[in-house]
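**Q** One file is attached below, run-v7.cif, containing mmCIF, N, CA and C atoms.
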data_work
loop_
_atom_site.label_atom_id
_atom_site.label_comp_id
_atom_site.auth_asym_id
_atom_site.auth_seq_id
_atom_site.Cartn_x
_atom_site.Cartn_y
_atom_site.Cartn_z
N MET A 1 1.25 -14.72 5.98
CA MET A 1 1.86 -13.81 5.03
C MET A 1 0.92 -12.62 4.82
N LYS A 2 1.48 -11.43 4.87
CA LYS A 2 0.71 -10.21 4.64
C LYS A 2 0.69 -9.89 3.16
N LYS A 3 -0.45 -9.46 2.69
CA LYS A 3 -0.57 -9.00 1.31
C LYS A 3 -0.73 -7.48 1.34
N LEU A 4 0.26 -6.79 0.80
CA LEU A 4 0.25 -5.33 0.75
C LEU A 4 -0.03 -4.92 -0.68
N GLN A 5 -1.08 -4.14 -0.88
CA GLN A 5 -1.46 -3.70 -2.21
C GLN A 5 -1.33 -2.19 -2.29
N VAL A 6 -0.51 -1.74 -3.23
CA VAL A 6 -0.33 -0.33 -3.49
C VAL A 6 -1.26 0.02 -4.65
N LEU A 7 -2.22 0.87 -4.39
CA LEU A 7 -3.22 1.24 -5.38
C LEU A 7 -2.85 2.59 -5.96
N GLY A 8 -2.56 2.62 -7.25
CA GLY A 8 -2.20 3.87 -7.91
C GLY A 8 -1.68 3.60 -9.31
N THR A 9 -1.52 4.67 -10.06
CA THR A 9 -1.18 4.55 -11.47
C THR A 9 0.32 4.46 -11.74
N GLY A 10 1.13 4.50 -10.70
CA GLY A 10 2.58 4.41 -10.90
C GLY A 10 3.28 5.75 -10.80
N CYS A 11 2.61 6.73 -10.24
CA CYS A 11 3.19 8.06 -10.07
C CYS A 11 4.32 8.01 -9.03
N PRO A 12 5.10 9.08 -8.90
CA PRO A 12 6.18 9.08 -7.90
C PRO A 12 5.69 8.80 -6.47
N LYS A 13 4.51 9.31 -6.10
CA LYS A 13 3.99 9.05 -4.76
C LYS A 13 3.65 7.57 -4.59
N CYS A 14 3.15 6.95 -5.64
CA CYS A 14 2.83 5.52 -5.60
C CYS A 14 4.10 4.71 -5.39
N ARG A 15 5.14 5.07 -6.09
CA ARG A 15 6.41 4.35 -5.96
C ARG A 15 6.99 4.54 -4.55
N ARG A 16 6.86 5.74 -4.00
CA ARG A 16 7.36 5.99 -2.65
C ARG A 16 6.56 5.19 -1.62
N LEU A 17 5.24 5.09 -1.83
CA LEU A 17 4.41 4.29 -0.93
C LEU A 17 4.84 2.82 -0.97
N ALA A 18 5.12 2.31 -2.16
CA ALA A 18 5.57 0.92 -2.29
C ALA A 18 6.89 0.72 -1.56
N GLN A 19 7.81 1.66 -1.69
CA GLN A 19 9.10 1.57 -1.00
C GLN A 19 8.91 1.60 0.51
N ASN A 20 8.06 2.51 0.99
CA ASN A 20 7.82 2.61 2.43
C ASN A 20 7.16 1.33 2.97
N ALA A 21 6.22 0.78 2.22
CA ALA A 21 5.53 -0.44 2.65
C ALA A 21 6.52 -1.61 2.73
N GLU A 22 7.37 -1.72 1.72
CA GLU A 22 8.37 -2.79 1.72
C GLU A 22 9.34 -2.61 2.88
N ALA A 23 9.77 -1.39 3.14
CA ALA A 23 10.70 -1.13 4.24
C ALA A 23 10.04 -1.47 5.58
N ALA A 24 8.79 -1.10 5.76
CA ALA A 24 8.09 -1.37 7.03
C ALA A 24 7.97 -2.87 7.26
N ALA A 25 7.54 -3.61 6.25
CA ALA A 25 7.38 -5.06 6.40
C ALA A 25 8.72 -5.73 6.66
N THR A 26 9.75 -5.28 5.97
CA THR A 26 11.09 -5.86 6.15
C THR A 26 11.59 -5.59 7.56
N GLN A 27 11.43 -4.36 8.04
CA GLN A 27 11.89 -4.00 9.38
C GLN A 27 11.17 -4.80 10.46
N LEU A 28 9.91 -5.15 10.21
CA LEU A 28 9.15 -5.95 11.17
C LEU A 28 9.43 -7.45 11.05
N GLY A 29 10.17 -7.82 10.00
CA GLY A 29 10.50 -9.22 9.79
C GLY A 29 9.32 -10.06 9.33
N LEU A 30 8.36 -9.44 8.66
CA LEU A 30 7.17 -10.14 8.20
C LEU A 30 7.40 -10.82 6.86
N GLU A 31 6.68 -11.90 6.65
CA GLU A 31 6.59 -12.47 5.32
C GLU A 31 5.52 -11.65 4.61
N PHE A 32 5.83 -11.18 3.42
CA PHE A 32 4.87 -10.31 2.75
C PHE A 32 4.98 -10.42 1.24
N GLU A 33 3.93 -9.97 0.60
CA GLU A 33 3.87 -9.88 -0.85
C GLU A 33 3.36 -8.48 -1.17
N ILE A 34 4.03 -7.79 -2.09
CA ILE A 34 3.55 -6.47 -2.52
C ILE A 34 2.98 -6.60 -3.92
N GLU A 35 1.76 -6.11 -4.06
CA GLU A 35 1.10 -6.09 -5.37
C GLU A 35 0.82 -4.65 -5.73
N LYS A 36 1.16 -4.27 -6.93
CA LYS A 36 0.87 -2.92 -7.42
C LYS A 36 -0.38 -3.00 -8.29
N VAL A 37 -1.43 -2.33 -7.84
CA VAL A 37 -2.70 -2.33 -8.55
C VAL A 37 -2.79 -1.02 -9.32
N THR A 38 -2.71 -1.10 -10.64
CA THR A 38 -2.68 0.12 -11.46
C THR A 38 -3.95 0.32 -12.29
N ASP A 39 -4.79 -0.70 -12.41
CA ASP A 39 -6.01 -0.59 -13.21
C ASP A 39 -7.04 0.25 -12.45
N LEU A 40 -7.49 1.33 -13.07
CA LEU A 40 -8.40 2.26 -12.39
C LEU A 40 -9.71 1.60 -11.97
N ARG A 41 -10.22 0.69 -12.77
CA ARG A 41 -11.47 0.01 -12.39
C ARG A 41 -11.27 -0.83 -11.14
N GLU A 42 -10.13 -1.51 -11.08
CA GLU A 42 -9.85 -2.32 -9.89
C GLU A 42 -9.63 -1.44 -8.67
N ILE A 43 -8.96 -0.31 -8.85
CA ILE A 43 -8.75 0.64 -7.75
C ILE A 43 -10.10 1.12 -7.23
N MET A 44 -11.02 1.43 -8.15
CA MET A 44 -12.34 1.92 -7.75
C MET A 44 -13.14 0.85 -7.02
N ARG A 45 -12.91 -0.43 -7.32
CA ARG A 45 -13.60 -1.52 -6.60
C ARG A 45 -13.25 -1.52 -5.12
N PHE A 46 -12.08 -0.99 -4.79
CA PHE A 46 -11.69 -0.86 -3.38
C PHE A 46 -12.38 0.34 -2.72
N GLY A 47 -13.05 1.17 -3.52
CA GLY A 47 -13.68 2.38 -2.98
C GLY A 47 -12.71 3.54 -2.88
N VAL A 48 -11.58 3.43 -3.55
CA VAL A 48 -10.54 4.47 -3.48
C VAL A 48 -10.80 5.51 -4.56
N MET A 49 -10.88 6.76 -4.15
CA MET A 49 -11.07 7.85 -5.09
C MET A 49 -9.83 8.74 -5.21
N MET A 50 -8.90 8.60 -4.27
CA MET A 50 -7.65 9.37 -4.30
C MET A 50 -6.49 8.42 -4.14
N THR A 51 -5.52 8.53 -5.02
CA THR A 51 -4.34 7.69 -4.92
C THR A 51 -3.16 8.54 -4.47
N PRO A 52 -2.13 7.92 -3.95
CA PRO A 52 -1.96 6.50 -3.74
C PRO A 52 -2.77 6.01 -2.54
N ALA A 53 -2.96 4.71 -2.49
CA ALA A 53 -3.63 4.09 -1.36
C ALA A 53 -2.92 2.79 -1.03
N LEU A 54 -3.06 2.36 0.21
CA LEU A 54 -2.46 1.12 0.66
C LEU A 54 -3.53 0.24 1.27
N ALA A 55 -3.63 -0.98 0.75
CA ALA A 55 -4.53 -1.99 1.32
C ALA A 55 -3.67 -3.08 1.95
N VAL A 56 -4.08 -3.52 3.13
CA VAL A 56 -3.40 -4.61 3.83
C VAL A 56 -4.39 -5.77 3.92
N ASP A 57 -4.03 -6.88 3.33
CA ASP A 57 -4.91 -8.05 3.28
C ASP A 57 -6.29 -7.69 2.75
N GLY A 58 -6.32 -6.83 1.72
CA GLY A 58 -7.56 -6.48 1.04
C GLY A 58 -8.37 -5.36 1.66
N VAL A 59 -7.89 -4.78 2.77
CA VAL A 59 -8.60 -3.69 3.46
C VAL A 59 -7.80 -2.40 3.31
N VAL A 60 -8.44 -1.38 2.76
CA VAL A 60 -7.75 -0.09 2.56
C VAL A 60 -7.46 0.53 3.92
N GLN A 61 -6.20 0.87 4.13
CA GLN A 61 -5.76 1.48 5.39
C GLN A 61 -5.55 2.98 5.27
N VAL A 62 -5.14 3.44 4.09
CA VAL A 62 -4.87 4.86 3.90
C VAL A 62 -5.03 5.18 2.42
N MET A 63 -5.51 6.40 2.13
CA MET A 63 -5.60 6.83 0.74
C MET A 63 -5.32 8.32 0.63
N GLY A 64 -4.79 8.69 -0.53
CA GLY A 64 -4.56 10.10 -0.82
C GLY A 64 -3.29 10.69 -0.25
N ARG A 65 -2.47 9.87 0.37
CA ARG A 65 -1.20 10.36 0.92
C ARG A 65 -0.22 9.21 1.07
N VAL A 66 1.03 9.56 1.34
CA VAL A 66 2.08 8.57 1.54
C VAL A 66 2.44 8.55 3.03
N PRO A 67 2.01 7.52 3.74
CA PRO A 67 2.36 7.44 5.15
C PRO A 67 3.84 7.08 5.33
N SER A 68 4.37 7.44 6.49
CA SER A 68 5.76 7.12 6.79
C SER A 68 5.92 5.63 7.04
N VAL A 69 7.16 5.19 7.05
CA VAL A 69 7.45 3.78 7.36
C VAL A 69 6.89 3.42 8.73
N GLU A 70 7.05 4.31 9.70
CA GLU A 70 6.55 4.05 11.06
C GLU A 70 5.04 3.92 11.07
N GLU A 71 4.33 4.76 10.33
CA GLU A 71 2.86 4.66 10.26
C GLU A 71 2.45 3.33 9.66
N ILE A 72 3.14 2.93 8.61
CA ILE A 72 2.80 1.67 7.95
C ILE A 72 3.05 0.49 8.87
N LYS A 73 4.10 0.55 9.67
CA LYS A 73 4.36 -0.52 10.63
C LYS A 73 3.15 -0.73 11.54
N GLN A 74 2.57 0.37 11.98
CA GLN A 74 1.38 0.27 12.85
C GLN A 74 0.21 -0.38 12.13
N MET A 75 0.08 -0.13 10.84
CA MET A 75 -1.03 -0.67 10.04
C MET A 75 -0.90 -2.16 9.78
N ILE A 76 0.33 -2.65 9.70
CA ILE A 76 0.52 -4.03 9.24
C ILE A 76 0.88 -5.01 10.35
N GLN A 77 1.06 -4.54 11.56
CA GLN A 77 1.41 -5.45 12.66
C GLN A 77 0.26 -6.36 13.00
#
As structure tokens - that is how I would like this structure written.

**A**
Amino acid sequence: MKKLQVLGTGCPKCRRLAQNAEAAATQLGLEFEIEKVTDLREIMRFGVMMTPALAVDGVVQVMGRVPSVEEIKQMIQ
């Protein structure tokens, strides 16, 4: 099971990243869990200084932008 963590305060870009991540995992047929991390201290523990960010299984893959569904598919395969 993949753990997808959306790091951000809940802004529109954060919500779009969560939607794209869910769509990518669903299209790939993966078992997954999406966690929204909104606490700034926890976000900083990941080393993220710009949100939104996406972590896959605890490893930050992208920060400061919203990748497309296709980009996310590449990150989570």

**Q** Need to verify the contact set: Ala25 (chain A), 8 Å, all atoms listed in the file, exclusion of same-chain residues closer than 4 positions in sequence. Can you return it as a PDB file with N, CA and C atoms, in the frame of the given file?

**A**
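File selection-v6.pdb, as written:
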ATOM      1  N   GLN A  19       7.810   1.660  -1.690  1.00  0.00           N
ATOM      2  CA  GLN A  19       9.100   1.570  -1.000  1.00  0.00           C
ATOM      3  C   GLN A  19       8.910   1.600   0.510  1.00  0.00           C
ATOM      4  N   ASN A  20       8.060   2.510   0.990  1.00  0.00           N
ATOM      5  CA  ASN A  20       7.820   2.610   2.430  1.00  0.00           C
ATOM      6  C   ASN A  20       7.160   1.330   2.970  1.00  0.00           C
ATOM      7  N   ALA A  21       6.220   0.780   2.220  1.00  0.00           N
ATOM      8  CA  ALA A  21       5.530  -0.440   2.650  1.00  0.00           C
ATOM      9  C   ALA A  21       6.520  -1.610   2.730  1.00  0.00           C
ATOM     10  N   GLY A  29      10.170  -7.820  10.000  1.00  0.00           N
ATOM     11  CA  GLY A  29      10.500  -9.220   9.790  1.00  0.00           C
ATOM     12  C   GLY A  29       9.320 -10.060   9.330  1.00  0.00           C
ATOM     13  N   LEU A  30       8.360  -9.440   8.660  1.00  0.00           N
ATOM     14  CA  LEU A  30       7.170 -10.140   8.200  1.00  0.00           C
ATOM     15  C   LEU A  30       7.400 -10.820   6.860  1.00  0.00           C
ATOM     16  N   GLU A  31       6.680 -11.900   6.650  1.00  0.00           N
ATOM     17  CA  GLU A  31       6.590 -12.470   5.320  1.00  0.00           C
ATOM     18  C   GLU A  31       5.520 -11.650   4.610  1.00  0.00           C
ATOM     19  N   PHE A  32       5.830 -11.180   3.420  1.00  0.00           N
ATOM     20  CA  PHE A  32       4.870 -10.310   2.750  1.00  0.00           C
ATOM     21  C   PHE A  32       4.980 -10.420   1.240  1.00  0.00           C
ATOM     22  N   VAL A  69       7.160   5.190   7.050  1.00  0.00           N
ATOM     23  CA  VAL A  69       7.450   3.780   7.360  1.00  0.00           C
ATOM     24  C   VAL A  69       6.890   3.420   8.730  1.00  0.00           C
ATOM     25  N   ILE A  72       3.140   2.930   8.610  1.00  0.00           N
ATOM     26  CA  ILE A  72       2.800   1.670   7.950  1.00  0.00           C
ATOM     27  C   ILE A  72       3.050   0.490   8.870  1.00  0.00           C
ATOM     28  N   LYS A  73       4.100   0.550   9.670  1.00  0.00           N
ATOM     29  CA  LYS A  73       4.360  -0.520  10.630  1.00  0.00           C
ATOM     30  C   LYS A  73       3.150  -0.730  11.540  1.00  0.00           C
ATOM     31  N   ILE A  76       0.330  -2.650   9.700  1.00  0.00           N
ATOM     32  CA  ILE A  76       0.520  -4.030   9.240  1.00  0.00           C
ATOM     33  C   ILE A  76       0.880  -5.010  10.350  1.00  0.00           C
TER      34      ILE A  76
END

**Q** Please identify all polymer residues within 6.5 Å of Thr51 (chain A), counting all atoms listed in the file, omitting same-chain residues fewer than 2 positions from it, and present them as a ChimeraX atom specification.

**A** /A:7-8,48-49,53,63-65

**Q** Running the PyMOL selection byres ((chain A and resi 35) around 8) on this model by hand, what would come out? Give it as a list of chain:residue names.

**A** A:Lys3, A:Leu4, A:Gln5, A:Val6, A:Leu7, A:Phe32, A:Glu33, A:Ile34, A:Lys36, A:Val37, A:Thr38

**Q** Taking N, CA and C atoms for each residue, export the selection above as a PDB file, in the frame of the given file.

**A**
ATOM      1  N   LYS A   3      -0.450  -9.460   2.690  1.00  0.00           N
ATOM      2  CA  LYS A   3      -0.570  -9.000   1.310  1.00  0.00           C
ATOM      3  C   LYS A   3      -0.730  -7.480   1.340  1.00  0.00           C
ATOM      4  N   LEU A   4       0.260  -6.790   0.800  1.00  0.00           N
ATOM      5  CA  LEU A   4       0.250  -5.330   0.750  1.00  0.00           C
ATOM      6  C   LEU A   4      -0.030  -4.920  -0.680  1.00  0.00           C
ATOM      7  N   GLN A   5      -1.080  -4.140  -0.880  1.00  0.00           N
ATOM      8  CA  GLN A   5      -1.460  -3.700  -2.210  1.00  0.00           C
ATOM      9  C   GLN A   5      -1.330  -2.190  -2.290  1.00  0.00           C
ATOM     10  N   VAL A   6      -0.510  -1.740  -3.230  1.00  0.00           N
ATOM     11  CA  VAL A   6      -0.330  -0.330  -3.490  1.00  0.00           C
ATOM     12  C   VAL A   6      -1.260   0.020  -4.650  1.00  0.00           C
ATOM     13  N   LEU A   7      -2.220   0.870  -4.390  1.00  0.00           N
ATOM     14  CA  LEU A   7      -3.220   1.240  -5.380  1.00  0.00           C
ATOM     15  C   LEU A   7      -2.850   2.590  -5.960  1.00  0.00           C
ATOM     16  N   PHE A  32       5.830 -11.180   3.420  1.00  0.00           N
ATOM     17  CA  PHE A  32       4.870 -10.310   2.750  1.00  0.00           C
ATOM     18  C   PHE A  32       4.980 -10.420   1.240  1.00  0.00           C
ATOM     19  N   GLU A  33       3.930  -9.970   0.600  1.00  0.00           N
ATOM     20  CA  GLU A  33       3.870  -9.880  -0.850  1.00  0.00           C
ATOM     21  C   GLU A  33       3.360  -8.480  -1.170  1.00  0.00           C
ATOM     22  N   ILE A  34       4.030  -7.790  -2.090  1.00  0.00           N
ATOM     23  CA  ILE A  34       3.550  -6.470  -2.520  1.00  0.00           C
ATOM     24  C   ILE A  34       2.980  -6.600  -3.920  1.00  0.00           C
ATOM     25  N   LYS A  36       1.160  -4.270  -6.930  1.00  0.00           N
ATOM     26  CA  LYS A  36       0.870  -2.920  -7.420  1.00  0.00           C
ATOM     27  C   LYS A  36      -0.380  -3.000  -8.290  1.00  0.00           C
ATOM     28  N   VAL A  37      -1.430  -2.330  -7.840  1.00  0.00           N
ATOM     29  CA  VAL A  37      -2.700  -2.330  -8.550  1.00  0.00           C
ATOM     30  C   VAL A  37      -2.790  -1.020  -9.320  1.00  0.00           C
ATOM     31  N   THR A  38      -2.710  -1.100 -10.640  1.00  0.00           N
ATOM     32  CA  THR A  38      -2.680   0.120 -11.460  1.00  0.00           C
ATOM     33  C   THR A  38      -3.950   0.320 -12.290  1.00  0.00           C
TER      34      THR A  38
END

**Q** DSSP on the backbone, strand (DSSP E or B) only: what residues of region 18-77 of chain A does that give? Format it as a list in words.

**A**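 Strand (DSSP E or B) members of region 18-77 of chain A, listed: Phe32, Glu33, Ile34, Glu35, Lys36, Val37, Ala53, Leu54, Ala55, Val56, Val59, Val60, Gln61, Val62 and Met63 of chain A.
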
**Q** Export N, CA and C atoms of the chosen residues as a CSV table (one decimal), keeping the file's coordinate frame?

**A**
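Generated file (part29.csv):
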chain,number,residue,atom,x,y,z
A,32,PHE,N,5.8,-11.2,3.4
A,32,PHE,CA,4.9,-10.3,2.8
A,32,PHE,C,5.0,-10.4,1.2
A,33,GLU,N,3.9,-10.0,0.6
A,33,GLU,CA,3.9,-9.9,-0.8
A,33,GLU,C,3.4,-8.5,-1.2
A,34,ILE,N,4.0,-7.8,-2.1
A,34,ILE,CA,3.6,-6.5,-2.5
A,34,ILE,C,3.0,-6.6,-3.9
A,35,GLU,N,1.8,-6.1,-4.1
A,35,GLU,CA,1.1,-6.1,-5.4
A,35,GLU,C,0.8,-4.6,-5.7
A,36,LYS,N,1.2,-4.3,-6.9
A,36,LYS,CA,0.9,-2.9,-7.4
A,36,LYS,C,-0.4,-3.0,-8.3
A,37,VAL,N,-1.4,-2.3,-7.8
A,37,VAL,CA,-2.7,-2.3,-8.6
A,37,VAL,C,-2.8,-1.0,-9.3
A,53,ALA,N,-3.0,4.7,-2.5
A,53,ALA,CA,-3.6,4.1,-1.4
A,53,ALA,C,-2.9,2.8,-1.0
A,54,LEU,N,-3.1,2.4,0.2
A,54,LEU,CA,-2.5,1.1,0.7
A,54,LEU,C,-3.5,0.2,1.3
A,55,ALA,N,-3.6,-1.0,0.8
A,55,ALA,CA,-4.5,-2.0,1.3
A,55,ALA,C,-3.7,-3.1,2.0
A,56,VAL,N,-4.1,-3.5,3.1
A,56,VAL,CA,-3.4,-4.6,3.8
A,56,VAL,C,-4.4,-5.8,3.9
A,59,VAL,N,-7.9,-4.8,2.8
A,59,VAL,CA,-8.6,-3.7,3.5
A,59,VAL,C,-7.8,-2.4,3.3
A,60,VAL,N,-8.4,-1.4,2.8
A,60,VAL,CA,-7.8,-0.1,2.6
A,60,VAL,C,-7.5,0.5,3.9
A,61,GLN,N,-6.2,0.9,4.1
A,61,GLN,CA,-5.8,1.5,5.4
A,61,GLN,C,-5.6,3.0,5.3
A,62,VAL,N,-5.1,3.4,4.1
A,62,VAL,CA,-4.9,4.9,3.9
A,62,VAL,C,-5.0,5.2,2.4
A,63,MET,N,-5.5,6.4,2.1
A,63,MET,CA,-5.6,6.8,0.7
A,63,MET,C,-5.3,8.3,0.6

**Q** Looking only at the backbone, which of the residues in chain A does DSSP tag as helix (DSSP H, G or I), as number ranges by chain?

**A** A: 12-28, 40-45, 69-76

**Q** For Pro52 (chain A), which residue among A:Gln77, A:Gln27, A:Glu22, A:Cys11 is the nearest when counting only N, CA and C atoms?

**A**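 Of all the options, A:Cys11 lies closest to Pro52 (chain A).
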
**Q** Using only C-alpha atoms, which residue out of A:Glu70, A:Asp39, A:Cys14, A:Met75 lies closest to Ala55 (chain A)?

**A**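 Looking at the shortest contact to Ala55 (chain A), the residue is A:Met75.
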
**Q** What is the CA of Phe46 (chain A)-CA of Gln74 (chain A) distance in Å, reported with one decimal?

**A**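 Spanning CA of Phe46 (chain A) to CA of Gln74 (chain A) is a straight-line distance of 20.9 Å.
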
**Q** At what distance in Å, to one decimal, does CA of Thr26 (chain A) lie from CA of Ile43 (chain A)?

**A** 25.1 Å

**Q** Between CA of Thr9 (chain A) and CA of Val66 (chain A), measure the distance and give it in Å to one decimal.

**A**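 Rounded to one decimal, the two atoms are 14.0 Å apart.
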
**Q** For Pro67 (chain A), which of A:Leu28, A:Lys2, A:Glu42, A:Leu17 is the closest residue, counting only N, CA and C atoms?

**A**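 Result for the nearest residue to Pro67 (chain A): A:Leu17.
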
**Q** Rank nothing, just name the residue among A:Met50, A:Met1, A:Leu40, A:Ala24 nearest to Val62 (chain A), using only C-alpha atoms.

**A**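 Smallest separation from Val62 (chain A) among the options: A:Met50.
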
**Q** Starting from 4 Å padding per side, set up an axis-aligned box that covers all listed atoms of region 25-34 of chain A and hand over centre and edge lengths in Å, one decimal, as lines of an AutoDock Vina configuration file.

**A**
center_x = 7.4
center_y = -8.0
center_z = 3.6
size_x = 16.9
size_y = 16.9
size_z = 23.1
